[in-house]
Amino acid sequence: MIARSRTTHDHALRRGAYRSKRRRSGGALSGLRLVLPSGLLALLFATGALLVVGAGSALAYFTDDLPSPQDLAKDPLAQGTKVYDRSGTQLLYQFSDENREIVTYDHIPQVVVDATVAAEDKSFWTNPGVDLLGIVRAAISDVTHRDSGQGGASTITQQLVKQRIVGGEVSLQRKIREAILAIEVTRTYSKEQILELYFNQIYYGNQAYGIKAAALTYFGKTDLSKLTLAEAALLAGLPQAPSVLDPTQAENLDSATARRAYVLDQMLDTGTITQEQAEAAKGEAIRVAGPPVATIKAPHFVFQVRNQLTAILGGDEAAVTRGGYKVTTTLDMTKQQIAERQVRDWVEELHTKNVWNAALVSIDPRNGEVVAYVGSVDYNNRDDPRVQGQYDVAGIGLRQPGSSFKMFNYVTALKKGATAATVVIDARTDFTGKADPTRMSPSACGYCPENADLQYHGPVTMRQAIRESRNVPAVRFLAEYSGIEDTIQTAHDLGITTEIDPSKVGLSLTLGAQVVHLVDMTSAYGVLANMGTRIAPTYILKVEDSRGKVVWEHKDYEQKRVLDPGIAWIMTDILKDTTQPSKDFIFGSWTNIGRVAALKTGTTDNLKDVYSVGYVPTMVTGVWMGNSNNEEMSHNDFFSAMGPGQLWRDYMKEVLADTPASDWPRPANVVSAPIVSAPGAFGGFGSGLSPSSLTPFSMSEWFIKGTEPAKQDDWYVPGCPATDGTTKIAMKIQDPRAPDTFQRYTDQWIRGAIAGQFAYGRYSWNLVSPDPCPTPAPLPTPRPTPTKKP
C-alpha cells in the first residue's frame with residue numbers, strides 16, 4: 001500500500017538546499033571538452049529530447065509497447081508468510097522467497113530518508129526522474145576512469161523502475177526505456193510514494209529485502225525510529241553492493257566502514273547533518289546483530305502447516321512464500337514443549353532396548369485441532385540412520401500400527417451385530433484350514449497367527465480379547481463377524497488415508513500389517529473420543545492476508561457422524577480397562593494416568609514398530625517408537641506398554657495436570673444386562689449369554705439397546721457321567737458363527753484343556769469333550785461272604 005504524499009516544510013527546506021547545492025556545483029563541469037561514450041550520449045540526447053520536445057516521433061521506437069507507469073505499484077511486493085502458535089504471539093517460522101516486511105512512508109524516519117537520498121540520488125527531490133548532470137558525471141568517470149564521488153547516473157526512480165518494471169537487461173534500449181518510464185513515474189506518483197516503493201523493494205543483502213527487514217537483520221531492530229545516524233548511513237550504503245559491504249562478515253568491515261563514511265559525507269554535503277554529527281557517527285564502531293540464523297520451532301508441524309496453507313490458497317505455492325500471510329496455527333507451545341521433552345527423555349531412557357526414535361501427535365477431538373506434533377526425536381540429527389531426524393514419521397512416515405489397528409475390526413464387528421459379550425474361541429488355528437491341529441509347525445501352517453504370550457485361553461468375550469490384546473480372537477472376529485472389506489471401510493471412515501488392498505492384506509489386517517500414518521491413527525481414535533463424530537485434523541486456526549483481512553478460518557467445519565454414539569461409547573468403555581490395573585493386569589500398571597482414559601497399544605512381530613494411541617474426552621494422543629532404518633528393537637523384556645505406553649502416560653499426566661478429569665456420558669441407547677462371563681481381570685471366559693440356573697458365575701455388560709442376549713445360556717450342562725453314575729456341570733463350548741474348518745482346531749483345544757494343558761495357573765477347566773463320553777466301567781459284583789457252620 002503506497003502512503004499518501006506528506007508535503008512538509010522540512011521537505012521544502014531540503015529541496016531548496018538541494019537546488020542551492022546544485023547551483024554551486026554546476027560549474028565544476030565548465031571548460032571540460034569530452035568525447036562521451038555513444039551509449040551515454042544517446043541516453044543524454046533521448047532524455048533531453050523527451051524533456052524539451054516531448055513525445056516526438058524520434059522516441060516512437062523506444063516508447064512502443066512501453067509499460068504503463070501504473071505498473072510500478074500494481075503487483076504486490078513479495079512478503080514472507082509468518083507462522084505463529086495458537087496464541088498468535090510466538091513465531092514458529094517464516095516462509096519466504098524474499099525476507100520482507102512492508103512499511104509505509106510515514107513510519108520511515110527522516111534520517112533514513114536523508115541518508116538514502118544522499119547516497120543514491122542527491123537531486124531526488126528536484127529531478128524529473130532522471131538526473132542529466134548525473135549522466136554527464138557518469139560519462140566523465142567512464143572516460144577519465146576516475147570516480148566523481150557523487151553517485152552514478154541512475155536515480156532512485158530509475159532503480160525502482162528497473163527492478164519493478166523493465167528488468168536488468170544490459171542494453172541501450174532498456175536504459176532509454178527506463179529513463180522514459182522514470183519520467184512518467186515521477187509525473188504519476190509523488191516523491192514520497194516513490195520512496196515508499198523503493199524502501200520496500202530494494203535488496204540490502206543477507207536475504208533482507210526492504211528497509212524494515214534490513215534493520216532487523218543487521219541491528220535486531222523492529223522499530224525503525226530506533227536506528228541511529230550511523231546505522232541509517234550504513235544501511236543506506238548497502239544496496240550499492242550488498243555482498244561486498246555486508247558488515248556481518250569480518251572481511252567486509254573495512255569496506256562497510258568506508259561506505260558508511262561516504263554516505264555521511266554526502267549527508268553533510270546536502271546539509272542534512274552537521275560536521276559534528278558526521279564525525280561522531282564515523283567514530284561509532286559497527287555493531288551488528290550477527291549473521292542471521294533461520295530458526296524453526298516445531299519443524300515437522302510447520303511443514304504440515306505449509307501443506308494445508310497451500311491447499312487453502314488453491315495450490316498456489318508461490319502465494320505461500322510471497323503473499324505476506326499471517327497464519328495462526330493450532331499449536332499449543334506449552335504442550336509442544338512437554339511433548340518434545342518427553343519424547344527426548346523416553347527415547348534416551350530406552351536406548352538400552354535399542355530405541356532411537358519416536359513421534360507423538362496430540363489432537364483435540366472436539367474440533368480436530370492438532371495441539372502438539374513431534375515428527376522425530378531430534379529434527380537436527382541427520383547423521384544417525386536410526387533417527388533421520390528431518391524425516392517426519394508422524395505425518396509422512398508409513399509404519400505398522402500393530403494391535404492398535406484391531407480397534408477398526410472390533411468397531412466393525414459391533415456395527416454388524418456383535419457385542420462386548422460376543423465370544424470367540426482363542427485356540428491355535430490355521431485360518432486356511434490346511435494344518436493338522438495336532439501338528440501345526442510353521443511349514444505345515446497356511447496362516448497360523450500366534451498370541452504374544454503363546455497362550456490360548458479358549459472361549460473369550462470381545463472385552464477380554466481386547467483387554468489382553470489377544471491376536472487369535474481378533475482374527476476370529478475379523479473372519480466370523482467383521483469382514484476384511486467392511487473393516488477397511490471403517491478405517492477409512494474414521495480417518496485412515498492410506499490405500500488398503502483387501503486382496504493383498506488378508507486376515508493379517510487386524511494385527512496391523514497395513515502401514516499407516518500416526519496422525520491418521522490419532523485422528524481415527526479421536527472419533528471414539530468424540531463419540532462417533534469425525535472432524536478432520538487441522539493445523540491452522542486462521543489465515544490473514546498482508547492487510548489483516550481474514551481469508552480463512554477454522555470454523556463451520558464439517559462434523560461427520562461416522563459411528564453410532566453407543567458403539568463409540570462401548571468401545572471406549574472397553575479400552576478404558578487398559579488403563580486400569582484392577583481391570584487389566586497386563587497393561588494397566590504401565591498406562592494409568594490417574595483419571596479415566598482409554599488406550600490401545602500395538603507391537604509388530606519383529607519389534608520394528610511399537611504404538612500407543614489413547615484418549616480422554618478433550619485430547620487424543622498417538623505415540624510411535626522404533627528406528628527409522630527399520631532396525632529391530634530389543635526382543636528381551638520390551639513391548640508396547642513399556643515404551644510408547646509409558647511415554648503416553650507421562651505426557652498425558654503432565655499436559656492434563658491443570659485440566660479437570662471427566663468421563664463420557666452414557667448415550668441413551670446403551671443399556672446393561674447380565675451375561676455368563678467370569679468377572680475380574682482374570683475372567684472374561686464363558687458363553688456371553690443370559691444366565692441360567694446352571695451357570696456358575698455372571699457379570700454385567702453394556703449393550704446397544706436391542707442387542708442384549710435374548711438366549712439363555714446353554715453352555716453349562718451336565719457333563720459325562722462319572723463311574724459312580726453322577727454328573728457334574730461342565731461347559732459345552734459352542735461357536736456357531738465359525739466356519740466348519742475352524743471347528744477341529746476348537747476341538748483340539750478342548751481336548752488339551754481337559755488334559756490340563758491350558759490352565760496357565762488361572763483356569764480350572766471342566767469341559768464337555770468333543771469326543772463321545774467314555775462308557776463307565778461296571779462296578780465289580782461283590783462276592784457273597786461265606787457263613788461259618790456252627
# chains A, B, ... in the order shown; residues from 1 in each chain; ligands from 1
>>> residues_around(residues="Ser154 (chain A)", least_positions_apart="5", cutoff="10 Å", atoms="only C-alpha atoms", output="ChimeraX atom specification")
/A:120-121,129-132,134-135,138,159-160,162,175,178-179,182
>>> write_last_selection(atoms="N, CA, C and O atoms", output="short mmCIF file (atom, residue, chain, number, x, y, z; two decimals), in the first residue's frame")
data_model
loop_
_atom_site.label_atom_id
_atom_site.label_comp_id
_atom_site.auth_asym_id
_atom_site.auth_seq_id
_atom_site.Cartn_x
_atom_site.Cartn_y
_atom_site.Cartn_z
N GLU A 120 22.20 7.76 -2.81
CA GLU A 120 21.78 7.22 -4.10
C GLU A 120 21.35 8.27 -5.12
O GLU A 120 21.44 8.02 -6.32
N ASP A 121 20.84 9.41 -4.66
CA ASP A 121 20.24 10.34 -5.65
C ASP A 121 20.05 11.71 -5.00
O ASP A 121 18.96 12.05 -4.54
N GLY A 129 12.92 12.50 -12.51
CA GLY A 129 13.00 11.05 -12.62
C GLY A 129 14.32 10.59 -13.16
O GLY A 129 14.73 9.45 -12.95
N VAL A 130 15.01 11.48 -13.86
CA VAL A 130 16.36 11.22 -14.33
C VAL A 130 17.22 12.41 -13.92
O VAL A 130 16.72 13.50 -13.67
N ASP A 131 18.51 12.18 -13.88
CA ASP A 131 19.45 13.23 -13.46
C ASP A 131 20.44 13.47 -14.59
O ASP A 131 21.38 12.70 -14.80
N LEU A 132 20.22 14.57 -15.37
CA LEU A 132 21.08 14.86 -16.51
C LEU A 132 22.52 15.06 -16.07
O LEU A 132 23.47 14.58 -16.72
N GLY A 134 23.90 13.85 -13.48
CA GLY A 134 24.43 12.56 -13.08
C GLY A 134 24.89 11.74 -14.27
O GLY A 134 25.90 11.04 -14.21
N ILE A 135 24.14 11.85 -15.38
CA ILE A 135 24.53 11.14 -16.59
C ILE A 135 25.87 11.67 -17.09
O ILE A 135 26.76 10.91 -17.48
N ALA A 138 28.65 10.50 -14.88
CA ALA A 138 28.98 9.11 -15.15
C ALA A 138 29.80 8.98 -16.42
O ALA A 138 30.73 8.17 -16.52
N GLN A 159 16.18 3.26 -10.56
CA GLN A 159 16.46 1.98 -9.91
C GLN A 159 15.16 1.21 -9.64
O GLN A 159 15.08 0.00 -9.83
N LEU A 160 14.16 1.96 -9.18
CA LEU A 160 12.87 1.35 -8.87
C LEU A 160 12.20 0.81 -10.14
O LEU A 160 11.68 -0.30 -10.16
N LYS A 162 13.68 -0.05 -12.87
CA LYS A 162 14.46 -1.20 -13.33
C LYS A 162 14.05 -2.48 -12.61
O LYS A 162 13.84 -3.52 -13.25
N LYS A 175 17.91 0.90 -21.24
CA LYS A 175 18.28 2.09 -20.48
C LYS A 175 17.42 3.29 -20.87
O LYS A 175 16.98 4.06 -20.01
N GLU A 178 13.94 2.78 -19.57
CA GLU A 178 13.98 3.01 -18.13
C GLU A 178 13.88 4.50 -17.82
O GLU A 178 13.13 4.94 -16.93
N ALA A 179 14.64 5.31 -18.57
CA ALA A 179 14.63 6.76 -18.35
C ALA A 179 13.27 7.35 -18.67
O ALA A 179 12.74 8.19 -17.92
N ALA A 182 10.91 6.39 -15.96
CA ALA A 182 11.21 7.11 -14.72
C ALA A 182 10.56 8.49 -14.73
O ALA A 182 10.02 8.96 -13.72
#
>>> closest_atom_pairs(of="region 479-549 of chain A", to="region 294-308 of chain A", cutoff="10 Å", atoms="only C-alpha atoms", output="JSON lines")
{"residue": "A:Thr538", "atom": "CA", "partner": "A:Gln308", "partner_atom": "CA", "distance": 7.9}
{"residue": "A:Tyr539", "atom": "CA", "partner": "A:Val305", "partner_atom": "CA", "distance": 5.6}
{"residue": "A:Ile540", "atom": "CA", "partner": "A:Val305", "partner_atom": "CA", "distance": 6.6}
>>> write_last_selection(atoms="N, CA, C and O atoms", output="mmCIF file, in the first residue's frame")
data_model
loop_
_atom_site.group_PDB
_atom_site.id
_atom_site.type_symbol
_atom_site.label_atom_id
_atom_site.label_comp_id
_atom_site.auth_asym_id
_atom_site.auth_seq_id
_atom_site.Cartn_x
_atom_site.Cartn_y
_atom_site.Cartn_z
ATOM 1 N N THR A 538 -6.799 -30.387 11.719
ATOM 2 C CA THR A 538 -6.348 -29.122 11.131
ATOM 3 C C THR A 538 -5.137 -28.620 11.892
ATOM 4 O O THR A 538 -5.022 -28.810 13.111
ATOM 5 N N TYR A 539 -4.231 -27.996 11.160
ATOM 6 C CA TYR A 539 -3.045 -27.385 11.752
ATOM 7 C C TYR A 539 -3.182 -25.865 11.835
ATOM 8 O O TYR A 539 -2.335 -25.203 12.418
ATOM 9 N N ILE A 540 -4.238 -25.341 11.236
ATOM 10 C CA ILE A 540 -4.384 -23.890 11.111
ATOM 11 C C ILE A 540 -5.706 -23.441 11.722
ATOM 12 O O ILE A 540 -6.746 -24.050 11.472
#
>>> closest_residue(among="A:Ser582, A:Thr659, A:Thr603, A:Asn627", to="Gly680 (chain A)", atoms="only C-alpha atoms")
A:Ser582
>>> residues_around(residues="Ile273 (chain A)", least_positions_apart="4", cutoff="10 Å", atoms="only C-alpha atoms", output="list in words")
Val111, Asp114, Ala115, Leu229, Leu264, Asp265, Gln266, Met267, Leu268, Asp269, Gln277 and Ala278 of chain A
>>> write_last_selection(atoms="all heavy atoms", output="PDB file, in the first residue's frame")
ATOM      1  N   VAL A 111      15.928  10.420   9.103  1.00  0.00           N
ATOM      2  CA  VAL A 111      17.359  10.169   8.972  1.00  0.00           C
ATOM      3  C   VAL A 111      17.621   9.074   7.951  1.00  0.00           C
ATOM      4  O   VAL A 111      18.615   9.115   7.212  1.00  0.00           O
ATOM      5  CB  VAL A 111      17.980   9.805  10.344  1.00  0.00           C
ATOM      6  CG1 VAL A 111      17.442   8.474  10.868  1.00  0.00           C
ATOM      7  CG2 VAL A 111      19.506   9.768  10.249  1.00  0.00           C
ATOM      8  N   ASP A 114      16.999  10.751   4.500  1.00  0.00           N
ATOM      9  CA  ASP A 114      18.105  11.646   4.155  1.00  0.00           C
ATOM     10  C   ASP A 114      19.346  10.864   3.754  1.00  0.00           C
ATOM     11  O   ASP A 114      20.035  11.216   2.787  1.00  0.00           O
ATOM     12  CB  ASP A 114      18.430  12.565   5.329  1.00  0.00           C
ATOM     13  CG  ASP A 114      17.316  13.573   5.601  1.00  0.00           C
ATOM     14  OD1 ASP A 114      16.486  13.794   4.700  1.00  0.00           O
ATOM     15  OD2 ASP A 114      17.282  14.136   6.716  1.00  0.00           O
ATOM     16  N   ALA A 115      19.647   9.801   4.504  1.00  0.00           N
ATOM     17  CA  ALA A 115      20.840   9.011   4.210  1.00  0.00           C
ATOM     18  C   ALA A 115      20.725   8.350   2.845  1.00  0.00           C
ATOM     19  O   ALA A 115      21.689   8.328   2.055  1.00  0.00           O
ATOM     20  CB  ALA A 115      21.048   7.963   5.304  1.00  0.00           C
ATOM     21  N   LEU A 229      21.996   7.506  13.574  1.00  0.00           N
ATOM     22  CA  LEU A 229      22.516   8.091  12.347  1.00  0.00           C
ATOM     23  C   LEU A 229      23.539   7.161  11.699  1.00  0.00           C
ATOM     24  O   LEU A 229      23.513   6.931  10.481  1.00  0.00           O
ATOM     25  CB  LEU A 229      23.155   9.457  12.645  1.00  0.00           C
ATOM     26  CG  LEU A 229      23.953  10.101  11.508  1.00  0.00           C
ATOM     27  CD1 LEU A 229      23.071  10.333  10.287  1.00  0.00           C
ATOM     28  CD2 LEU A 229      24.597  11.415  11.995  1.00  0.00           C
ATOM     29  N   LEU A 264      27.857   9.444   5.035  1.00  0.00           N
ATOM     30  CA  LEU A 264      27.818  10.551   5.993  1.00  0.00           C
ATOM     31  C   LEU A 264      28.357  11.838   5.367  1.00  0.00           C
ATOM     32  O   LEU A 264      27.825  12.932   5.612  1.00  0.00           O
ATOM     33  CB  LEU A 264      28.613  10.173   7.247  1.00  0.00           C
ATOM     34  CG  LEU A 264      27.971   9.087   8.129  1.00  0.00           C
ATOM     35  CD1 LEU A 264      28.981   8.563   9.152  1.00  0.00           C
ATOM     36  CD2 LEU A 264      26.725   9.625   8.831  1.00  0.00           C
ATOM     37  N   ASP A 265      29.396  11.712   4.563  1.00  0.00           N
ATOM     38  CA  ASP A 265      29.932  12.894   3.874  1.00  0.00           C
ATOM     39  C   ASP A 265      28.900  13.471   2.912  1.00  0.00           C
ATOM     40  O   ASP A 265      28.782  14.703   2.771  1.00  0.00           O
ATOM     41  CB  ASP A 265      31.201  12.521   3.113  1.00  0.00           C
ATOM     42  CG  ASP A 265      32.398  12.319   4.038  1.00  0.00           C
ATOM     43  OD1 ASP A 265      32.337  12.793   5.195  1.00  0.00           O
ATOM     44  OD2 ASP A 265      33.372  11.660   3.600  1.00  0.00           O
ATOM     45  N   GLN A 266      28.177  12.608   2.226  1.00  0.00           N
ATOM     46  CA  GLN A 266      27.151  13.093   1.305  1.00  0.00           C
ATOM     47  C   GLN A 266      26.016  13.774   2.067  1.00  0.00           C
ATOM     48  O   GLN A 266      25.443  14.764   1.602  1.00  0.00           O
ATOM     49  CB  GLN A 266      26.601  11.928   0.471  1.00  0.00           C
ATOM     50  CG  GLN A 266      27.637  11.220  -0.391  1.00  0.00           C
ATOM     51  CD  GLN A 266      28.453  12.190  -1.228  1.00  0.00           C
ATOM     52  OE1 GLN A 266      27.906  12.955  -2.049  1.00  0.00           O
ATOM     53  NE2 GLN A 266      29.773  12.194  -1.027  1.00  0.00           N
ATOM     54  N   MET A 267      25.667  13.229   3.241  1.00  0.00           N
ATOM     55  CA  MET A 267      24.639  13.871   4.065  1.00  0.00           C
ATOM     56  C   MET A 267      25.113  15.242   4.539  1.00  0.00           C
ATOM     57  O   MET A 267      24.329  16.203   4.590  1.00  0.00           O
ATOM     58  CB  MET A 267      24.289  12.985   5.260  1.00  0.00           C
ATOM     59  CG  MET A 267      23.651  11.656   4.905  1.00  0.00           C
ATOM     60  SD  MET A 267      23.268  10.642   6.350  1.00  0.00           S
ATOM     61  CE  MET A 267      21.844  11.529   7.020  1.00  0.00           C
ATOM     62  N   LEU A 268      26.389  15.335   4.883  1.00  0.00           N
ATOM     63  CA  LEU A 268      26.967  16.628   5.278  1.00  0.00           C
ATOM     64  C   LEU A 268      26.916  17.592   4.092  1.00  0.00           C
ATOM     65  O   LEU A 268      26.569  18.773   4.243  1.00  0.00           O
ATOM     66  CB  LEU A 268      28.404  16.421   5.753  1.00  0.00           C
ATOM     67  CG  LEU A 268      29.181  17.667   6.198  1.00  0.00           C
ATOM     68  CD1 LEU A 268      28.510  18.331   7.410  1.00  0.00           C
ATOM     69  CD2 LEU A 268      30.624  17.308   6.519  1.00  0.00           C
ATOM     70  N   ASP A 269      27.213  17.086   2.921  1.00  0.00           N
ATOM     71  CA  ASP A 269      27.221  17.913   1.719  1.00  0.00           C
ATOM     72  C   ASP A 269      25.829  18.437   1.386  1.00  0.00           C
ATOM     73  O   ASP A 269      25.689  19.563   0.889  1.00  0.00           O
ATOM     74  CB  ASP A 269      27.778  17.092   0.556  1.00  0.00           C
ATOM     75  CG  ASP A 269      27.973  17.922  -0.702  1.00  0.00           C
ATOM     76  OD1 ASP A 269      28.627  18.968  -0.628  1.00  0.00           O
ATOM     77  OD2 ASP A 269      27.427  17.515  -1.748  1.00  0.00           O
ATOM     78  N   GLN A 277      27.924  15.910  13.893  1.00  0.00           N
ATOM     79  CA  GLN A 277      27.159  14.670  13.809  1.00  0.00           C
ATOM     80  C   GLN A 277      27.859  13.653  12.911  1.00  0.00           C
ATOM     81  O   GLN A 277      27.908  12.459  13.220  1.00  0.00           O
ATOM     82  CB  GLN A 277      25.754  14.961  13.263  1.00  0.00           C
ATOM     83  CG  GLN A 277      24.837  15.680  14.239  1.00  0.00           C
ATOM     84  CD  GLN A 277      23.511  16.048  13.583  1.00  0.00           C
ATOM     85  OE1 GLN A 277      23.489  16.573  12.462  1.00  0.00           O
ATOM     86  NE2 GLN A 277      22.414  15.802  14.298  1.00  0.00           N
ATOM     87  N   ALA A 278      28.407  14.135  11.806  1.00  0.00           N
ATOM     88  CA  ALA A 278      29.100  13.242  10.881  1.00  0.00           C
ATOM     89  C   ALA A 278      30.308  12.598  11.544  1.00  0.00           C
ATOM     90  O   ALA A 278      30.525  11.381  11.438  1.00  0.00           O
ATOM     91  CB  ALA A 278      29.521  14.006   9.627  1.00  0.00           C
TER      92      ALA A 278
END
>>> closest_residue(among="A:Val505, A:Ile211, A:Met642, A:Leu181", to="Ile108 (chain A)", atoms="only C-alpha atoms")
A:Ile211
>>> select_by_dssp(residues="region 465-627 of chain A", states="strand (DSSP E or B)", output="JSON, numbers by chain")
{"A": [516, 533, 534, 538, 540, 541, 542, 543, 544, 550, 551, 552, 553, 560, 561, 598, 599, 600, 601, 602, 603, 609, 610, 611, 612, 613, 614, 615, 616, 619, 620, 621, 622, 623, 624, 625, 626]}
>>> closest_atom_pairs(of="region 438-524 of chain A", to="region 736-745 of chain A", cutoff="10 Å", atoms="only C-alpha atoms", output="JSON lines")
{"residue": "A:Thr438", "atom": "CA", "partner": "A:Tyr745", "partner_atom": "CA", "distance": 8.7}
{"residue": "A:Arg476", "atom": "CA", "partner": "A:Ala738", "partner_atom": "CA", "distance": 7.9}
{"residue": "A:Phe477", "atom": "CA", "partner": "A:Ala738", "partner_atom": "CA", "distance": 9.3}
{"residue": "A:Ala479", "atom": "CA", "partner": "A:Ala738", "partner_atom": "CA", "distance": 8.1}
{"residue": "A:Glu480", "atom": "CA", "partner": "A:Ala738", "partner_atom": "CA", "distance": 5.8}
{"residue": "A:Tyr481", "atom": "CA", "partner": "A:Arg737", "partner_atom": "CA", "distance": 7.9}
>>> residues_around(residues="Arg534 (chain A)", least_positions_apart="3", cutoff="6 Å", atoms="only C-alpha atoms", output="PyMOL selection string")
chain A and resi 527+559-560
>>> residues_around(residues="Trp356 (chain A)", least_positions_apart="2", cutoff="8 Å", atoms="only C-alpha atoms", output="count of residues only")
12
>>> closest_residue(among="A:Val616, A:Ala289, A:Leu238, A:Ala513", to="Leu216 (chain A)", atoms="only C-alpha atoms")
A:Ala289
>>> closest_residue(among="A:Ser243, A:Ser508, A:Ser628, A:Thr572", to="Leu478 (chain A)", atoms="only C-alpha atoms")
A:Ser508
>>> atom_distance(atom1="CA of Pro770 (chain A)", atom2="CA of Ile425 (chain A)")
14.3 Å
>>> atom_distance(atom1="CA of Thr497 (chain A)", atom2="CA of Val515 (chain A)")
10.5 Å
